[in-house]
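The block underneath contains the structure these notes are about, expressed in structure tokens.
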Amino acid sequence: MDILLIGGLWLDTSAWDDVVPELEALGHRAVPVALPGQGDGSTTATLADQVAAVLAAVDSSAGKPLVVGHSAACTLAWLAADARPEKIAGVVLIGGFPWDDGKLYADLFEMTDGVMPFPGWGPFEGPDSADLSDEVKAALAAKAVPVPEGSPAAWCT
């Protein structure tokens, strides 16, 4: 089975580097989905662009894929399932949930110069990061990519 992996805010496809071999060892085809604006240098990518990237991955899958959304990307996974219910085997939501219709998608943190930079670990203190070592936090922060304003500041419909 194809398993489409969608990383949350500030994550590019490398977020799944440790997951891909584990899924492939189980006989699946793991496909990290590259989201426009998250690691490609684009500052003009929109939520529609990101949804289109996920739908393109769904449409190019052999059979019905399982779509996995992490954190804020749970909304992207859910939007894909809503757009292609007959083409998706299921949806897995990790550490997040879909935003409501008519609500800004992931408009959670301050924008600076047209992007939402990683705000550091302060906003995630407590259950969201308690199980992460300082080394893991530093590694994740070093790899974090700014998210274009047009993606998280878009309305979900």
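Simple scheme: letters A, B, ... for chains in structure tokens order, numbers from 1 for residues in each chain, numbers from 1 for ligands in the order shown.
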
Inset, instruction - Run DSSP on the backbone and grab whatever in chain A lands in strand (DSSP E or B); send it over as an MDAnalysis selection string. - result: chainID A and resid 2:6 29:32 66:70 90:94 104 112 115:116 147:148 155

Inset, instruction - Name the residues in contact with A:Val147 at a cut-off of 8 Å, using only C-alpha atoms, excluding same-chain residues fewer than 2 positions from it; report them as a list of chain:residue names. - result: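 Everything that qualifies: A:Leu9, A:Trp10, A:Gly37, A:Gln38, A:Thr43, A:Val115, A:Met116, A:Pro117, A:Val145, A:Glu149, A:Ser151, A:Pro152.
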
Inset, instruction - May I have the residues within 12 Å of A:Ala83 as a list in words, using only C-alpha atoms and disregarding those fewer than 5 positions away in the same chain? - result: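 With the cut-off at 12 Å, the set is Val51, Ala52, Val54, Leu55, Ala56, Val58, Asp59, Leu76, Ala77, Trp78, Ile88 and Thr157 of chain A.
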
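Per DSSP on the backbone, helix (DSSP H, G or I) in stretch 75-126 of chain A comprises Thr75, Leu76, Ala77, Trp78, Leu79, Ala80, Ala81, Asp82, Ala83, Pro85, Glu86, Lys87, Gly122, Pro123 and Phe124 of chain A.
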
Legend entry - Length of the atom CA of A:His70 to atom CA of A:Gly96 vector [Å]: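 These two atoms are separated by 6.5 Å.
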
Legend entry - Nearest candidate to A:Ala57 (options A:Gly39, A:Leu93, A:Lys137, A:Leu5; using only C-alpha atoms):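 Closest candidate: A:Leu5.
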
Legend entry - Pick from A:Pro98, A:Gly41, A:Gly114, A:Gly63, whichever lies nearest to A:Thr75 using only C-alpha atoms: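 Looking at the shortest contact to A:Thr75, the residue is A:Pro98.
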
Legend entry - Residue nearest A:Ala30 - candidates A:Asp18, A:Ala45, A:Phe124, A:Ile3, atoms counted: only C-alpha atoms: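 For A:Ala30, the nearest of the given residues is A:Ile3.
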
Legend entry - Point-to-point distance in Å for atom CA of A:Ala72 and atom CA of A:Pro146: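 Distance between the two atoms: 14.0 Å.
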
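Distances here use only C-alpha atoms; by that measure, the residue among A:Ala48, A:Pro123, A:Ala25, A:Gly7 closest to A:Ser71 is A:Gly7.
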